[in-house]
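> Take this structure first; my questions come after.
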Amino acid sequence: MEVRVQLFGFGNVGRAVARVLLEKERFFREKYGLSFRVVSVSDTSGTAWLPEGIDLKEALLVKENFGRLSAWTNDYEVYNFSPSDAVKEIESDVVIDVTNDGNAHLWHLEALKEGKAVVTSNKPPLAFHYAELMGESEKRGLPYLFEATVMAGTPIIGVLRENLLADSVERIRAVLNATTTFILTRMEQGVDFERALKQAQELGIAERDPSGDVMGIDAGYKATILHCVAFKPITFDRISVNGIVEVTVDEVKRALAKGRRIRLVATVEEGKVTVAPEEVTGPLAVSTNENVALIESDLLGGLLLKGAGAGLKETASGVVSDLVKASLRLMEG
Ligand code: HSE
């Protein structure tokens, strides 16, 4: 089956998604019988649209050489659509959102109303509008998938939404932000906060505006999403968030001397979500770009999920996995 895809966001993650679609074209065809035709690609400069399918190799070249899709002149028309217009004007089966658009829930809803499945790595729509988005997706019978919003491609959302269906989750304890783990790890080695943050930015782990990482907002969005999936809908403004801004090298080293590590820990229980720096030992003491989640439930007991929580191909893993899942569901009708 051929699946028509609209890709919104052509920054680092969007380009990583495009690369996976290009490089694994044969894999998707042979393994699932799926071929993806990307009919539009949008960045903040415009939307390249070609119903016959965009040449992703060329799109990557244009973006990498000129920094914006609107620089594309030969063969391609670049339109000045708002995301809502692009969703309404362009025919497609699946909308992928890998932008940071805080108002994206509006065009996610439009997409569902237009009969399109949605795949996203964008956190605020879910952290603020989960109930509405899920309601619309259920009403329309269309997939709304968001694996890459939490722990990149490490499949915690899939485990909670599609497995563990007989279990009642009691609690999740998790380290969900790679930037803060990276910074705290560097502080253990004596590097001060500012320098460690700069290194995290250079490695592309931190968000474009890293204040959301260090203030705990990114982890808070993710913990909110976990609560929605494991228990019931809640919104980000109802949870408690403390970041790592006030953690000092001295505190980090004192913890280390006791065999402990300071990490930004999310605790998710029914009706209560907190994110705060804590001294931890054992599995929660992750390093580098790893995330970890310990899911405690009545039947299974404790389930530990640990894997990449940030990174470009690691995030593309979650996004493209959802694209395959959405396509297979559409194929089943
Ligand atoms: N800035 C995020 C992090 C990237 O550090 O975990 C993945 O959401």
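Ordering of the structure tokens sets the chain letters (A, B, ...); residue numbers start at 1 within each chain; ligands are numbered from 1 in the order shown.
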If you count only C-alpha atoms, which residues fall within 10 Å of Ala104 (chain A), apart from same-chain ones fewer than 3 positions away, as a PyMOL selection string?

chain A and resi 83-84+97+99-101+107-110+120+122-126

> Please list as a PyMOL selection string every residue within 10 Å of region 302-304 of chain A, counting only C-alpha atoms and excluding residues in the same chain fewer than 4 positions away.

chain A and resi 156+169-174+283-284+292-298

> Could those selected residues go to a file with all heavy atoms, as a compact mmCIF listing (two decimals), in the first residue's frame?


```
# COMPACT_ATOMS: atom_id res chain seq x y z
N ILE A 156 8.00 3.30 25.62
CA ILE A 156 7.19 3.32 26.85
C ILE A 156 5.72 3.59 26.57
O ILE A 156 4.83 3.03 27.23
CB ILE A 156 7.76 4.33 27.88
CG1 ILE A 156 6.98 4.18 29.18
CG2 ILE A 156 7.70 5.77 27.36
CD1 ILE A 156 7.64 4.73 30.39
N VAL A 169 -1.49 0.13 36.73
CA VAL A 169 -0.21 0.77 37.06
C VAL A 169 -0.36 1.45 38.41
O VAL A 169 -1.38 2.09 38.69
CB VAL A 169 0.19 1.78 35.96
CG1 VAL A 169 1.45 2.55 36.36
CG2 VAL A 169 0.40 1.08 34.63
N GLU A 170 0.62 1.25 39.27
CA GLU A 170 0.57 1.89 40.59
C GLU A 170 1.44 3.14 40.63
O GLU A 170 1.07 4.15 41.21
CB GLU A 170 1.02 0.88 41.65
CG GLU A 170 -0.08 -0.15 41.90
CD GLU A 170 0.42 -1.49 42.40
OE1 GLU A 170 1.65 -1.68 42.56
OE2 GLU A 170 -0.45 -2.37 42.62
N ARG A 171 2.60 3.04 39.98
CA ARG A 171 3.51 4.18 40.04
C ARG A 171 4.55 4.05 38.94
O ARG A 171 4.92 2.94 38.55
CB ARG A 171 4.22 4.17 41.40
CG ARG A 171 5.05 5.40 41.68
CD ARG A 171 5.45 5.39 43.14
NE ARG A 171 6.61 4.52 43.34
CZ ARG A 171 7.62 4.79 44.17
NH1 ARG A 171 7.61 5.90 44.87
NH2 ARG A 171 8.62 3.95 44.31
N ILE A 172 5.00 5.19 38.43
CA ILE A 172 6.15 5.18 37.51
C ILE A 172 7.19 6.14 38.09
O ILE A 172 6.85 7.26 38.47
CB ILE A 172 5.76 5.66 36.08
CG1 ILE A 172 4.63 4.79 35.51
CG2 ILE A 172 6.97 5.63 35.16
CD1 ILE A 172 4.04 5.31 34.21
N ARG A 173 8.42 5.63 38.19
CA ARG A 173 9.55 6.50 38.60
C ARG A 173 10.47 6.54 37.39
O ARG A 173 10.84 5.49 36.84
CB ARG A 173 10.28 5.89 39.79
CG ARG A 173 9.39 5.78 41.01
CD ARG A 173 9.68 6.85 42.02
NE ARG A 173 11.04 6.76 42.56
CZ ARG A 173 11.71 7.82 43.01
NH1 ARG A 173 11.19 9.03 42.94
NH2 ARG A 173 12.92 7.66 43.51
N ALA A 174 10.85 7.75 36.95
CA ALA A 174 11.56 7.80 35.68
C ALA A 174 12.51 8.99 35.58
O ALA A 174 12.28 10.03 36.19
CB ALA A 174 10.54 7.87 34.54
N PRO A 283 19.06 1.49 39.19
CA PRO A 283 18.71 1.69 37.77
C PRO A 283 18.37 3.13 37.39
O PRO A 283 18.49 3.49 36.21
CB PRO A 283 17.50 0.77 37.56
CG PRO A 283 17.02 0.39 38.90
CD PRO A 283 18.17 0.51 39.84
N LEU A 284 17.93 3.93 38.35
CA LEU A 284 17.58 5.31 37.97
C LEU A 284 18.83 6.18 37.73
O LEU A 284 18.73 7.29 37.19
CB LEU A 284 16.70 5.97 39.03
CG LEU A 284 15.26 5.45 39.15
CD1 LEU A 284 14.49 6.21 40.22
CD2 LEU A 284 14.51 5.56 37.82
N VAL A 292 15.29 6.31 31.63
CA VAL A 292 14.89 5.07 32.28
C VAL A 292 13.52 5.26 32.92
O VAL A 292 13.20 6.37 33.37
CB VAL A 292 15.95 4.62 33.31
CG1 VAL A 292 16.09 5.65 34.43
CG2 VAL A 292 15.62 3.26 33.91
N ALA A 293 12.72 4.21 32.94
CA ALA A 293 11.44 4.27 33.65
C ALA A 293 11.20 2.94 34.34
O ALA A 293 11.39 1.87 33.75
CB ALA A 293 10.30 4.55 32.67
N LEU A 294 10.84 3.02 35.61
CA LEU A 294 10.46 1.83 36.37
C LEU A 294 8.94 1.89 36.53
O LEU A 294 8.42 2.78 37.21
CB LEU A 294 11.17 1.85 37.73
CG LEU A 294 10.81 0.71 38.67
CD1 LEU A 294 11.16 -0.64 38.07
CD2 LEU A 294 11.54 0.88 40.01
N ILE A 295 8.27 0.96 35.85
CA ILE A 295 6.79 0.93 35.92
C ILE A 295 6.40 -0.12 36.97
O ILE A 295 6.74 -1.29 36.83
CB ILE A 295 6.19 0.54 34.56
CG1 ILE A 295 6.67 1.50 33.46
CG2 ILE A 295 4.66 0.53 34.62
CD1 ILE A 295 6.30 1.05 32.04
N GLU A 296 5.70 0.31 38.01
CA GLU A 296 5.25 -0.63 39.04
C GLU A 296 3.76 -0.90 38.84
O GLU A 296 2.96 0.03 38.78
CB GLU A 296 5.49 -0.04 40.44
CG GLU A 296 6.97 0.17 40.74
CD GLU A 296 7.20 1.11 41.92
OE1 GLU A 296 6.25 1.42 42.66
OE2 GLU A 296 8.36 1.54 42.08
N SER A 297 3.41 -2.19 38.72
CA SER A 297 2.00 -2.52 38.48
C SER A 297 1.61 -3.75 39.28
O SER A 297 2.48 -4.50 39.76
CB SER A 297 1.77 -2.74 36.99
OG SER A 297 2.52 -3.83 36.54
N ASP A 298 0.29 -3.97 39.43
CA ASP A 298 -0.18 -5.00 40.35
C ASP A 298 0.19 -6.42 39.93
O ASP A 298 0.59 -7.24 40.76
CB ASP A 298 -1.70 -4.88 40.59
CG ASP A 298 -2.52 -4.96 39.30
OD1 ASP A 298 -1.92 -4.91 38.21
OD2 ASP A 298 -3.76 -5.08 39.40
```

> Could you check the closest approach to ligand 1 for each of A:Val41, A:Ile205, A:Ile157, A:Val245 and tell me which residue wins, using only C-alpha atoms and all ligand atoms?

A:Ile205

> List every residue of chain A that has an atom at most 7 Å from any atom of ligand 1, giving for each one its closest atom pair and the distance in Å to one decimal, counting only C-alpha atoms and all ligand atoms, sorted by chain and then by ascending residue number, as a tab-separated table.


```
residue	atom	partner	partner_atom_place_in_ligand_line	distance
A:Thr149	CA	ligand 1	8 (O)	6.5
A:Val150	CA	ligand 1	8 (O)	6.6
A:Met151	CA	ligand 1	8 (O)	6.8
A:Ala152	CA	ligand 1	7 (C)	6.3
A:Leu176	CA	ligand 1	6 (O)	6.2
A:Asn177	CA	ligand 1	6 (O)	3.5
A:Ala178	CA	ligand 1	6 (O)	3.8
A:Thr179	CA	ligand 1	5 (O)	3.7
A:Thr180	CA	ligand 1	5 (O)	6.5
A:Ile205	CA	ligand 1	5 (O)	5.1
A:Ala206	CA	ligand 1	1 (N)	4.1
A:Glu207	CA	ligand 1	1 (N)	4.4
A:Asp213	CA	ligand 1	1 (N)	5.8
A:Asp218	CA	ligand 1	2 (C)	6.6
A:Gly309	CA	ligand 1	6 (O)	5.8
A:Ala310	CA	ligand 1	7 (C)	4.2
A:Gly311	CA	ligand 1	7 (C)	6.9
```

> Please produce a file of those selected residues containing N, CA, C and O atoms, as a compact mmCIF listing (two decimals), in the first residue's frame.


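Okay, this is what ended up in again-v8.txt:
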```txt
# COMPACT_ATOMS: atom_id res chain seq x y z
N THR A 149 7.24 11.31 21.87
CA THR A 149 7.17 12.43 22.82
C THR A 149 7.88 12.10 24.13
O THR A 149 8.33 13.00 24.83
N VAL A 150 7.94 10.82 24.48
CA VAL A 150 8.53 10.41 25.76
C VAL A 150 9.58 9.33 25.50
O VAL A 150 9.27 8.31 24.88
N MET A 151 10.79 9.53 25.94
CA MET A 151 11.89 8.56 25.79
C MET A 151 12.23 8.26 24.33
O MET A 151 12.64 7.14 24.00
N ALA A 152 12.05 9.23 23.45
CA ALA A 152 12.38 9.07 22.02
C ALA A 152 11.79 7.76 21.49
O ALA A 152 10.60 7.53 21.66
N LEU A 176 13.57 11.29 32.60
CA LEU A 176 12.99 11.48 31.26
C LEU A 176 13.65 12.58 30.45
O LEU A 176 13.22 12.87 29.34
N ASN A 177 14.65 13.25 31.02
CA ASN A 177 15.30 14.33 30.27
C ASN A 177 16.80 14.08 30.17
O ASN A 177 17.49 13.98 31.18
N ALA A 178 17.27 13.97 28.94
CA ALA A 178 18.67 13.63 28.71
C ALA A 178 19.61 14.80 28.98
O ALA A 178 20.73 14.62 29.46
N THR A 179 19.15 16.00 28.69
CA THR A 179 20.01 17.18 28.87
C THR A 179 20.43 17.32 30.33
O THR A 179 21.60 17.55 30.64
N THR A 180 19.46 17.19 31.24
CA THR A 180 19.79 17.35 32.66
C THR A 180 20.69 16.21 33.14
O THR A 180 21.61 16.44 33.93
N ILE A 205 21.51 17.58 22.13
CA ILE A 205 20.58 16.88 23.04
C ILE A 205 19.55 17.88 23.56
O ILE A 205 18.37 17.57 23.67
N ALA A 206 20.05 19.09 23.90
CA ALA A 206 19.16 20.09 24.50
C ALA A 206 18.19 20.63 23.46
O ALA A 206 18.45 20.60 22.26
N GLU A 207 17.06 21.13 23.93
CA GLU A 207 16.12 21.80 23.04
C GLU A 207 16.75 23.09 22.54
O GLU A 207 17.71 23.60 23.12
N ASP A 213 14.53 22.47 29.33
CA ASP A 213 15.20 21.28 29.85
C ASP A 213 15.61 21.50 31.30
O ASP A 213 15.26 20.72 32.18
N ASP A 218 10.50 20.21 30.17
CA ASP A 218 10.49 19.10 29.20
C ASP A 218 10.14 17.78 29.92
O ASP A 218 9.26 17.04 29.47
N GLY A 309 16.92 8.33 25.16
CA GLY A 309 15.79 9.22 25.41
C GLY A 309 15.87 10.48 24.59
O GLY A 309 15.00 11.33 24.64
N ALA A 310 16.94 10.61 23.83
CA ALA A 310 17.12 11.79 22.97
C ALA A 310 18.07 11.40 21.85
O ALA A 310 18.68 10.33 21.88
N GLY A 311 18.19 12.29 20.88
CA GLY A 311 19.06 12.00 19.74
C GLY A 311 18.21 11.99 18.49
O GLY A 311 16.98 11.84 18.56
```

> Please give the complete set of residues from region 137-205 of chain A that DSSP, run on the backbone, assigns to strand (DSSP E), formatted as a ChimeraX atom specification.

/A:144-145,169-175

> Would you list the contacts of Glu91 (chain A) as a list in words, taking every protein, DNA or RNA residue within 10 Å and counting only C-alpha atoms, but skipping same-chain residues closer than 2 positions in sequence?

Arg4, Val5, Gln6, Val39, Ser40, Pro51, Ala86, Val87, Lys88, Glu89, Asp93, Val94, Glu114, Gly115 and Lys116 of chain A

> Store the residues picked out above in a file with N, CA and C atoms, as a short mmCIF file (atom, residue, chain, number, x, y, z; two decimals), in the first residue's frame.


```cif
data_model
loop_
_atom_site.label_atom_id
_atom_site.label_comp_id
_atom_site.auth_asym_id
_atom_site.auth_seq_id
_atom_site.Cartn_x
_atom_site.Cartn_y
_atom_site.Cartn_z
N ARG A 4 0.29 8.34 1.73
CA ARG A 4 0.68 9.73 1.46
C ARG A 4 0.91 10.45 2.79
N VAL A 5 2.10 11.06 2.88
CA VAL A 5 2.53 11.63 4.16
C VAL A 5 2.79 13.12 4.02
N GLN A 6 2.33 13.88 5.03
CA GLN A 6 2.73 15.30 5.14
C GLN A 6 3.69 15.41 6.30
N VAL A 39 4.11 13.89 0.36
CA VAL A 39 3.52 14.84 -0.59
C VAL A 39 3.79 16.30 -0.22
N SER A 40 4.13 16.53 1.06
CA SER A 40 4.52 17.91 1.41
C SER A 40 5.50 17.88 2.58
N PRO A 51 2.00 16.61 -5.26
CA PRO A 51 1.16 15.42 -5.05
C PRO A 51 1.82 14.13 -5.51
N ALA A 86 -2.38 23.90 5.30
CA ALA A 86 -1.68 22.79 4.64
C ALA A 86 -2.41 21.48 4.92
N VAL A 87 -2.91 21.33 6.14
CA VAL A 87 -3.63 20.11 6.52
C VAL A 87 -4.94 20.01 5.72
N LYS A 88 -5.58 21.17 5.49
CA LYS A 88 -6.87 21.15 4.80
C LYS A 88 -6.72 21.06 3.27
N GLU A 89 -5.72 21.78 2.74
CA GLU A 89 -5.56 21.88 1.28
C GLU A 89 -4.96 20.63 0.64
N ASP A 93 -2.69 10.87 3.84
CA ASP A 93 -3.24 9.87 4.77
C ASP A 93 -2.73 10.08 6.20
N VAL A 94 -1.46 10.51 6.31
CA VAL A 94 -0.86 10.68 7.64
C VAL A 94 -0.16 12.03 7.73
N GLU A 114 -10.21 15.96 9.04
CA GLU A 114 -10.04 15.73 7.59
C GLU A 114 -9.86 14.25 7.25
N GLY A 115 -9.89 13.40 8.29
CA GLY A 115 -9.77 11.95 8.04
C GLY A 115 -8.33 11.46 7.98
N LYS A 116 -7.39 12.23 8.55
CA LYS A 116 -5.98 11.83 8.50
C LYS A 116 -5.51 11.32 9.85
#
```

> Within region 112-223 of chain A, find each residue whose DSSP state, derived from the backbone, is helix (DSSP H, G or I), and express the selection as a PyMOL selection string.

chain A and resi 112-113+123-140+147-149+156-162+178-188+193-202+211-214+217-223

> Would you kindly return, as a list in words, each protein, DNA or RNA residue with an atom no farther than 9 Å from any atom of Pro210 (chain A), considering only C-alpha atoms and excluding same-chain residues fewer than 5 positions away?

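Result of the neighbour search: Thr179, Leu197, Gln201 and Met215 of chain A.
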
> Emit the selected residues as a CSV table (one decimal), in the first residue's frame, including N, CA and C atoms.


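result31.csv, freshly written:
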```csv
chain,number,residue,atom,x,y,z
A,179,THR,N,19.1,16.0,28.7
A,179,THR,CA,20.0,17.2,28.9
A,179,THR,C,20.4,17.3,30.3
A,197,LEU,N,26.1,22.8,30.2
A,197,LEU,CA,24.9,23.1,29.3
A,197,LEU,C,25.3,23.4,27.9
A,201,GLN,N,24.2,21.5,24.4
A,201,GLN,CA,23.6,22.2,23.2
A,201,GLN,C,24.4,21.8,22.0
A,215,MET,N,14.8,23.7,33.5
A,215,MET,CA,13.8,24.1,34.5
A,215,MET,C,12.8,22.9,34.7
```

> Report the distance between CA of Val98 (chain A) and CA of Ala131 (chain A) in Å, rounded to one decimal place.

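That distance, rounded to one decimal, is 20.4 Å.
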
> Skip Leu69 (chain A) itself and residues of its chain fewer than 6 positions away, then list as a list in words all residues within 8 Å of it, counting only C-alpha atoms.

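Near neighbours after the sequence-gap exclusion: Ser42, Asp43, Ser45, Gly46, Thr47, Ala48, Ala59, Val62, Lys63 and Val78 of chain A.
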
> Find the residues near Val247 (chain A): any atom within 12 Å, counting only C-alpha atoms, skip ones fewer than 4 places away on the same chain, and give them as an MDAnalysis selection string.

chainID A and resid 180 183:184 187:188 192:194 214:215 242:243 251:255 261:264 276:279

> Limited to N, CA, C and O atoms, could you put the picked residues into a file as a short mmCIF file (atom, residue, chain, number, x, y, z; two decimals), in the first residue's frame?


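Done, and the output landed in again_4.cif:
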```
data_model
loop_
_atom_site.label_atom_id
_atom_site.label_comp_id
_atom_site.auth_asym_id
_atom_site.auth_seq_id
_atom_site.Cartn_x
_atom_site.Cartn_y
_atom_site.Cartn_z
N THR A 180 19.46 17.19 31.24
CA THR A 180 19.79 17.35 32.66
C THR A 180 20.69 16.21 33.14
O THR A 180 21.61 16.44 33.93
N ILE A 183 24.12 17.12 31.94
CA ILE A 183 24.70 18.22 32.73
C ILE A 183 25.14 17.72 34.11
O ILE A 183 26.25 18.00 34.57
N LEU A 184 24.27 16.94 34.77
CA LEU A 184 24.60 16.45 36.11
C LEU A 184 25.80 15.50 36.06
O LEU A 184 26.65 15.51 36.96
N MET A 187 28.77 17.62 35.80
CA MET A 187 29.04 18.29 37.09
C MET A 187 29.72 17.32 38.06
O MET A 187 30.55 17.72 38.89
N GLU A 188 29.39 16.03 37.95
CA GLU A 188 30.07 15.03 38.80
C GLU A 188 31.57 15.02 38.50
O GLU A 188 32.39 14.70 39.34
N ASP A 192 31.38 23.05 35.54
CA ASP A 192 30.28 23.83 36.11
C ASP A 192 29.05 23.80 35.18
O ASP A 192 29.13 23.42 34.01
N PHE A 193 27.94 24.21 35.76
CA PHE A 193 26.62 24.10 35.11
C PHE A 193 26.62 24.73 33.71
O PHE A 193 26.20 24.11 32.73
N GLU A 194 27.10 25.98 33.62
CA GLU A 194 27.03 26.71 32.35
C GLU A 194 27.80 26.01 31.24
O GLU A 194 27.32 25.89 30.11
N VAL A 214 16.38 22.58 31.54
CA VAL A 214 16.98 22.74 32.88
C VAL A 214 15.95 23.13 33.94
O VAL A 214 16.14 22.85 35.13
N MET A 215 14.83 23.73 33.51
CA MET A 215 13.80 24.08 34.49
C MET A 215 12.83 22.93 34.74
O MET A 215 11.89 23.07 35.52
N ASN A 242 10.18 21.02 39.53
CA ASN A 242 11.40 21.73 39.92
C ASN A 242 12.52 21.27 39.01
O ASN A 242 12.69 20.07 38.81
N GLY A 243 13.30 22.20 38.50
CA GLY A 243 14.39 21.82 37.60
C GLY A 243 15.69 21.63 38.35
O GLY A 243 15.71 21.43 39.58
N GLU A 251 26.93 19.91 45.76
CA GLU A 251 25.86 18.94 46.09
C GLU A 251 26.03 17.65 45.28
O GLU A 251 25.87 16.55 45.81
N VAL A 252 26.35 17.82 44.01
CA VAL A 252 26.51 16.67 43.14
C VAL A 252 27.66 15.79 43.63
O VAL A 252 27.56 14.56 43.69
N LYS A 253 28.75 16.45 44.04
CA LYS A 253 29.92 15.70 44.49
C LYS A 253 29.70 15.05 45.85
O LYS A 253 30.19 13.95 46.12
N ARG A 254 28.95 15.74 46.72
CA ARG A 254 28.64 15.18 48.04
C ARG A 254 27.80 13.91 47.88
O ARG A 254 28.04 12.90 48.53
N ALA A 255 26.84 13.95 46.96
CA ALA A 255 26.01 12.76 46.70
C ALA A 255 26.90 11.63 46.18
O ALA A 255 26.80 10.49 46.63
N ARG A 261 23.80 9.46 42.93
CA ARG A 261 23.85 10.43 41.85
C ARG A 261 22.60 11.29 41.94
O ARG A 261 21.53 10.78 42.25
N ILE A 262 22.78 12.59 41.67
CA ILE A 262 21.59 13.44 41.58
C ILE A 262 21.05 13.35 40.15
O ILE A 262 21.79 13.53 39.19
N ARG A 263 19.75 13.04 40.03
CA ARG A 263 19.10 12.98 38.72
C ARG A 263 17.75 13.68 38.81
O ARG A 263 17.16 13.77 39.89
N LEU A 264 17.27 14.18 37.68
CA LEU A 264 15.95 14.81 37.65
C LEU A 264 14.90 13.70 37.50
O LEU A 264 14.78 13.08 36.44
N ALA A 276 11.51 16.49 40.11
CA ALA A 276 12.44 17.20 41.00
C ALA A 276 13.78 16.48 41.03
O ALA A 276 13.83 15.26 40.81
N PRO A 277 14.86 17.22 41.32
CA PRO A 277 16.15 16.55 41.47
C PRO A 277 16.13 15.69 42.74
O PRO A 277 15.60 16.11 43.76
N GLU A 278 16.69 14.48 42.61
CA GLU A 278 16.72 13.56 43.76
C GLU A 278 18.04 12.82 43.74
O GLU A 278 18.61 12.60 42.68
N GLU A 279 18.46 12.38 44.92
CA GLU A 279 19.62 11.48 44.97
C GLU A 279 19.13 10.07 44.69
O GLU A 279 18.22 9.60 45.35
#
```

> Counting only C-alpha atoms, which residues of region 212-322 of chain A fall within 9 Å of region 18-24 of chain A, and what is the closest atom pair for each with its distance in Å at one decimal, ordered by chain and rising number, as a Markdown table?


```
| residue | atom | partner | partner_atom | distance |
| --- | --- | --- | --- | --- |
| A:Lys313 | CA | A:Val20 | CA | 7.9 |
| A:Ala316 | CA | A:Val20 | CA | 7.3 |
| A:Ser317 | CA | A:Val20 | CA | 8.3 |
| A:Val320 | CA | A:Val20 | CA | 7.8 |
```

> Store the residues picked out above in a file with C-alpha atoms, as an mmCIF file, in the first residue's frame.


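Once written, part-v1.cif looks like this:
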```cif
data_model
loop_
_atom_site.group_PDB
_atom_site.id
_atom_site.type_symbol
_atom_site.label_atom_id
_atom_site.label_comp_id
_atom_site.auth_asym_id
_atom_site.auth_seq_id
_atom_site.Cartn_x
_atom_site.Cartn_y
_atom_site.Cartn_z
ATOM 1 C CA LYS A 313 17.913 8.813 14.752
ATOM 2 C CA ALA A 316 13.172 9.200 14.282
ATOM 3 C CA SER A 317 12.933 5.562 15.456
ATOM 4 C CA VAL A 320 8.741 6.275 11.904
#
```

> Give one line per residue of region 61-127 of chain A that approaches region 134-146 of chain A to at most 6 Å, naming the two atoms of the closest pair and their distance in Å to one decimal, counting only C-alpha atoms; sort by chain then ascending residue number and deliver it as CSV.


```
residue,atom,partner,partner_atom,distance
A:Ala117,CA,A:Pro143,CA,5.0
A:Val118,CA,A:Tyr144,CA,4.8
A:Val119,CA,A:Leu145,CA,4.8
A:Thr120,CA,A:Phe146,CA,5.0
A:Ser121,CA,A:Phe146,CA,5.8
```
